[in-house]
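Asker: Sharing a structure, written as structure tokens. Questions coming.
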Amino acid sequence: MGARGSNLIAILVLIAASSVIVGEALTPQYYWQSCPQVQEIVRNEVRKKINETVVTIPATLRMFFHDAFITGSDASVIIASPNNDAEKDSSDNLSLAGDGFDTVIRAKKAVEAACPGVVSCADILAMATRDVVALSGGPNYTVELGRYDGMISQAGLVDGNLPLPSFNLDDLISMFAKHNLDMVDMIALSGAHTVGFSHCTRFTNRLYNYNGQSGQIDPTLDSKYASQLQGACPTNVGPTIAVNMDPFTPITFDNVYYTNLINEFGLFSSDQVLFTDTRSRPTVQQFAANQSAFFDAFVSAMGKLGRLDVKTSANGEIRRDCTKFNQH
């Protein structure tokens, strides 16, 4: 074969390869032909679930974050293992509310009835997360689609890979940087704490034993707020007792979280440090003064989060049941 024929084959190979890449790239139009009504189906299910319980809002949002930070945005956190050794079984994920899982499982069932075997659980989780944000007053952003579901879910992969309530700014910056998320991304994603609740045991050290000193209250916590929290979370508080992350608008996705930080109403040390540390303070002040700036930064960060370690047909699958791998 001559050089011209060889060049033609090489060009065709490149075109074929690029077609595979394009075909599996994330795009909002991914299901336009294969399941054109998918976004409406998911939103309807999310709306119904929110009408049953507002816990759906923070539960779904938090689950999306916990999923993406471990093996990427691949719905591996939803897998249920008979041996209790999947991601959801790790100590850091035991507090994930069941309403988040139920939201995705219900939406998947409705989508399967319309488009069987087409839409991944990872994409349904991404859409449902956008929907709980939008339906609670936040931005109604466009979601990129085309993820496959992950085929690995191990509790051991979670330990040490999720931010803790005790983190300082350096800890937060370092952990988010591992996922190519910068400080502004981190501060914007922390704004998800504008909705939802936390169990008392996650922060009572700030109320009774700050820096290991018995009876010491964290000085960066507003004294009246600390007193209110002590009333809700006594020293012998049980593991199921919880309080709102945002004491003012706990079921509305807004920028009040940042105003709370300025007023020393951050529930976690990892929240309040965003204002007390002068490196992150200007961004907190900006988001507190300008909700649109917060929303824009949040949407940008969520886009990056949704692109983490995306699975394709080469290393993923479209699960029929979000809680089980197909081969199982």
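Letters A, B, ... go to the chains of the structure tokens in the order shown; residues in each chain start at 1; ligands are counted from 1 in the same order.
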Pull the helix (DSSP H, G or I) assignments for segment 110-196 of chain A out of DSSP run on the backbone, and list those residues as a ChimeraX atom specification.

Answerer: /A:110-114,121-135,155-157,169-177,183-194

Asker: Please write the residues from the selection above to a file, keeping N, CA and C atoms, as a tab-separated table (two decimals), in the first residue's frame.

Answerer:
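This went into again23.tsv:
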```tsv
chain	number	residue	atom	x	y	z
A	110	ALA	N	-38.80	5.49	37.85
A	110	ALA	CA	-39.67	6.20	36.91
A	110	ALA	C	-39.00	6.34	35.54
A	111	VAL	N	-37.71	6.60	35.53
A	111	VAL	CA	-36.99	6.72	34.26
A	111	VAL	C	-36.93	5.38	33.54
A	112	GLU	N	-36.70	4.29	34.28
A	112	GLU	CA	-36.64	2.97	33.67
A	112	GLU	C	-37.97	2.59	33.01
A	113	ALA	N	-39.07	3.06	33.59
A	113	ALA	CA	-40.38	2.76	33.00
A	113	ALA	C	-40.54	3.41	31.65
A	114	ALA	N	-39.87	4.54	31.45
A	114	ALA	CA	-39.97	5.26	30.18
A	114	ALA	C	-38.85	4.90	29.22
A	121	CYS	N	-27.52	5.86	36.83
A	121	CYS	CA	-27.84	6.36	38.17
A	121	CYS	C	-27.00	7.59	38.49
A	122	ALA	N	-25.77	7.63	37.96
A	122	ALA	CA	-24.89	8.79	38.17
A	122	ALA	C	-25.51	10.05	37.59
A	123	ASP	N	-26.08	9.93	36.39
A	123	ASP	CA	-26.73	11.09	35.78
A	123	ASP	C	-28.01	11.47	36.52
A	124	ILE	N	-28.75	10.48	36.99
A	124	ILE	CA	-29.97	10.77	37.74
A	124	ILE	C	-29.62	11.49	39.04
A	125	LEU	N	-28.55	11.07	39.71
A	125	LEU	CA	-28.11	11.75	40.92
A	125	LEU	C	-27.72	13.20	40.60
A	126	ALA	N	-27.01	13.41	39.50
A	126	ALA	CA	-26.60	14.78	39.12
A	126	ALA	C	-27.82	15.66	38.83
A	127	MET	N	-28.81	15.12	38.12
A	127	MET	CA	-30.02	15.88	37.82
A	127	MET	C	-30.84	16.14	39.08
A	128	ALA	N	-30.97	15.13	39.93
A	128	ALA	CA	-31.75	15.28	41.16
A	128	ALA	C	-31.12	16.31	42.08
A	129	THR	N	-29.79	16.36	42.09
A	129	THR	CA	-29.10	17.35	42.90
A	129	THR	C	-29.39	18.76	42.40
A	130	ARG	N	-29.29	18.95	41.10
A	130	ARG	CA	-29.66	20.25	40.53
A	130	ARG	C	-31.10	20.61	40.89
A	131	ASP	N	-31.99	19.63	40.84
A	131	ASP	CA	-33.40	19.89	41.09
A	131	ASP	C	-33.68	20.27	42.54
A	132	VAL	N	-33.02	19.62	43.51
A	132	VAL	CA	-33.27	20.01	44.91
A	132	VAL	C	-32.75	21.41	45.18
A	133	VAL	N	-31.67	21.77	44.52
A	133	VAL	CA	-31.14	23.14	44.65
A	133	VAL	C	-32.13	24.14	44.07
A	134	ALA	N	-32.59	23.89	42.84
A	134	ALA	CA	-33.49	24.82	42.16
A	134	ALA	C	-34.84	24.92	42.87
A	135	LEU	N	-35.36	23.79	43.32
A	135	LEU	CA	-36.68	23.78	43.95
A	135	LEU	C	-36.68	24.35	45.36
A	155	ALA	N	-15.88	0.69	51.20
A	155	ALA	CA	-15.85	1.57	52.37
A	155	ALA	C	-14.44	2.07	52.66
A	156	GLY	N	-13.45	1.23	52.43
A	156	GLY	CA	-12.07	1.60	52.73
A	156	GLY	C	-11.54	2.76	51.92
A	157	LEU	N	-12.20	3.05	50.79
A	157	LEU	CA	-11.75	4.16	49.95
A	157	LEU	C	-12.19	5.52	50.50
A	169	LEU	N	-8.39	25.95	57.36
A	169	LEU	CA	-8.40	26.35	55.96
A	169	LEU	C	-7.37	25.58	55.14
A	170	ASP	N	-6.19	25.37	55.69
A	170	ASP	CA	-5.17	24.62	54.95
A	170	ASP	C	-5.64	23.20	54.65
A	171	ASP	N	-6.30	22.56	55.63
A	171	ASP	CA	-6.84	21.22	55.41
A	171	ASP	C	-7.85	21.22	54.27
A	172	LEU	N	-8.74	22.20	54.29
A	172	LEU	CA	-9.78	22.29	53.27
A	172	LEU	C	-9.18	22.53	51.89
A	173	ILE	N	-8.27	23.49	51.80
A	173	ILE	CA	-7.65	23.81	50.52
A	173	ILE	C	-6.94	22.59	49.96
A	174	SER	N	-6.20	21.89	50.81
A	174	SER	CA	-5.44	20.71	50.38
A	174	SER	C	-6.35	19.61	49.86
A	175	MET	N	-7.43	19.31	50.58
A	175	MET	CA	-8.31	18.22	50.17
A	175	MET	C	-9.04	18.55	48.87
A	176	PHE	N	-9.52	19.79	48.73
A	176	PHE	CA	-10.23	20.16	47.51
A	176	PHE	C	-9.27	20.25	46.32
A	177	ALA	N	-8.04	20.65	46.57
A	177	ALA	CA	-7.05	20.75	45.49
A	177	ALA	C	-6.76	19.39	44.86
A	183	MET	N	-9.75	27.42	45.99
A	183	MET	CA	-10.32	27.92	47.23
A	183	MET	C	-11.72	28.51	47.01
A	184	VAL	N	-11.93	29.20	45.92
A	184	VAL	CA	-13.25	29.78	45.65
A	184	VAL	C	-14.28	28.66	45.43
A	185	ASP	N	-13.88	27.61	44.71
A	185	ASP	CA	-14.76	26.45	44.55
A	185	ASP	C	-15.14	25.88	45.91
A	186	MET	N	-14.14	25.74	46.78
A	186	MET	CA	-14.37	25.16	48.10
A	186	MET	C	-15.33	26.01	48.92
A	187	ILE	N	-15.14	27.32	48.89
A	187	ILE	CA	-16.01	28.22	49.65
A	187	ILE	C	-17.43	28.18	49.10
A	188	ALA	N	-17.56	28.12	47.77
A	188	ALA	CA	-18.89	28.06	47.15
A	188	ALA	C	-19.60	26.75	47.48
A	189	LEU	N	-18.88	25.64	47.42
A	189	LEU	CA	-19.49	24.35	47.75
A	189	LEU	C	-19.85	24.25	49.23
A	190	SER	N	-19.06	24.92	50.08
A	190	SER	CA	-19.39	24.95	51.50
A	190	SER	C	-20.73	25.64	51.73
A	191	GLY	N	-21.12	26.50	50.79
A	191	GLY	CA	-22.40	27.19	50.87
A	191	GLY	C	-23.59	26.26	50.82
A	192	ALA	N	-23.37	25.00	50.45
A	192	ALA	CA	-24.45	24.01	50.51
A	192	ALA	C	-24.94	23.81	51.93
A	193	HIS	N	-24.13	24.24	52.92
A	193	HIS	CA	-24.55	24.17	54.31
A	193	HIS	C	-25.63	25.20	54.64
A	194	THR	N	-26.07	25.93	53.65
A	194	THR	CA	-27.21	26.83	53.84
A	194	THR	C	-28.50	26.06	54.00
```

Asker: Do you know which residues are at most 6 Å from Asp149 of chain A counting only C-alpha atoms, after dropping those on the same chain fewer than 6 positions away, and could you put them as number ranges by chain?

Answerer: A: 74-75, 120, 122, 316-318

Asker: Kindly indicate which residue among A:Val195, A:Met151, A:Val237, A:Ala25 lies nearest to Thr60 of chain A, using only C-alpha atoms for the distances.

Answerer: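 So, comparing all the options, the nearest one is A:Val195.
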
Asker: Work out how far apart atom CA of Leu94 of chain A and atom CA of Lys49 of chain A are and give it in Å to one decimal.

Answerer: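 Answer for the atom CA of Leu94 of chain A to atom CA of Lys49 of chain A separation: 21.1 Å.
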
Asker: Which one of A:Ala288, A:Val119, A:Asn205, A:Thr249 sits closest to Gly137 of chain A if you count only C-alpha atoms?

Answerer: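 Distance minimum relative to Gly137 of chain A lands on A:Thr249.
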
Asker: Just checking: using only C-alpha atoms, which residue out of A:Phe69, A:Phe101, A:Phe265, A:Tyr31 ends up closest to Asp159 of chain A?

Answerer: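 The closest residue to Asp159 of chain A is A:Phe69.
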
Asker: Using atom CA of Ala59 of chain A and atom CA of Leu274 of chain A as the two end points, give the distance in Å to one decimal.

Answerer: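 Computed distance, atom CA of Ala59 of chain A to atom CA of Leu274 of chain A, equals 23.0 Å.
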
Asker: Write out as a list of chain:residue names all residues of segment 50-290 of chain A that DSSP puts in strand (DSSP E) for this structure's backbone.

Answerer: A:Phe197, A:Ser198, A:His199, A:Ala242, A:Val243, A:Asn244

Asker: Return the single residue from A:Gln154, A:Ser136, A:Asn84, A:Ser76 that is closest to Asp321 of chain A, with distances computed using only C-alpha atoms.

Answerer: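 Of the candidates, the smallest distance to Asp321 of chain A is held by A:Ser76.
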
Asker: Can you tell me how far atom CA of Leu221 of chain A sits from atom CA of Gly138 of chain A, in Å to one decimal?

Answerer: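 Distance reported for this atom pair: 27.0 Å.
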
Asker: With only C-alpha atoms as the counted atoms, please give the residues lying no more than 12 Å from Pro82 of chain A, apart from itself and same-chain residues fewer than 6 positions off, as a ChimeraX atom specification.

Answerer: /A:88-89,323-324,328

Asker: Put those residues in a file: N, CA, C and O atoms, as a PDB file, in the first residue's frame.

Answerer:
```
ATOM      1  N   LYS A  88     -21.208   3.490  51.201  1.00  0.00           N
ATOM      2  CA  LYS A  88     -22.231   4.000  52.116  1.00  0.00           C
ATOM      3  C   LYS A  88     -22.079   3.456  53.524  1.00  0.00           C
ATOM      4  O   LYS A  88     -22.641   4.003  54.477  1.00  0.00           O
ATOM      5  N   ASP A  89     -21.303   2.371  53.686  1.00  0.00           N
ATOM      6  CA  ASP A  89     -21.118   1.747  54.985  1.00  0.00           C
ATOM      7  C   ASP A  89     -19.946   2.315  55.767  1.00  0.00           C
ATOM      8  O   ASP A  89     -19.742   1.946  56.929  1.00  0.00           O
ATOM      9  N   THR A 323     -28.815   0.338  43.386  1.00  0.00           N
ATOM     10  CA  THR A 323     -28.182  -0.210  44.594  1.00  0.00           C
ATOM     11  C   THR A 323     -27.336  -1.453  44.306  1.00  0.00           C
ATOM     12  O   THR A 323     -26.695  -1.974  45.219  1.00  0.00           O
ATOM     13  N   LYS A 324     -27.333  -1.936  43.057  1.00  0.00           N
ATOM     14  CA  LYS A 324     -26.627  -3.171  42.732  1.00  0.00           C
ATOM     15  C   LYS A 324     -25.850  -3.056  41.440  1.00  0.00           C
ATOM     16  O   LYS A 324     -26.306  -2.440  40.488  1.00  0.00           O
ATOM     17  N   HIS A 328     -24.016  -8.502  39.562  1.00  0.00           N
ATOM     18  CA  HIS A 328     -24.356  -9.117  40.836  1.00  0.00           C
ATOM     19  C   HIS A 328     -25.845  -9.398  40.932  1.00  0.00           C
ATOM     20  O   HIS A 328     -26.294  -9.782  41.983  1.00  0.00           O
TER      21      HIS A 328
END
```

Asker: Choose the residue, out of A:Tyr257, A:Pro28, A:Asp67, A:Thr103, that has the smallest atom-to-atom separation from Glu52 of chain A; count only C-alpha atoms.

Answerer: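 So, comparing all the options, the nearest one is A:Thr103.
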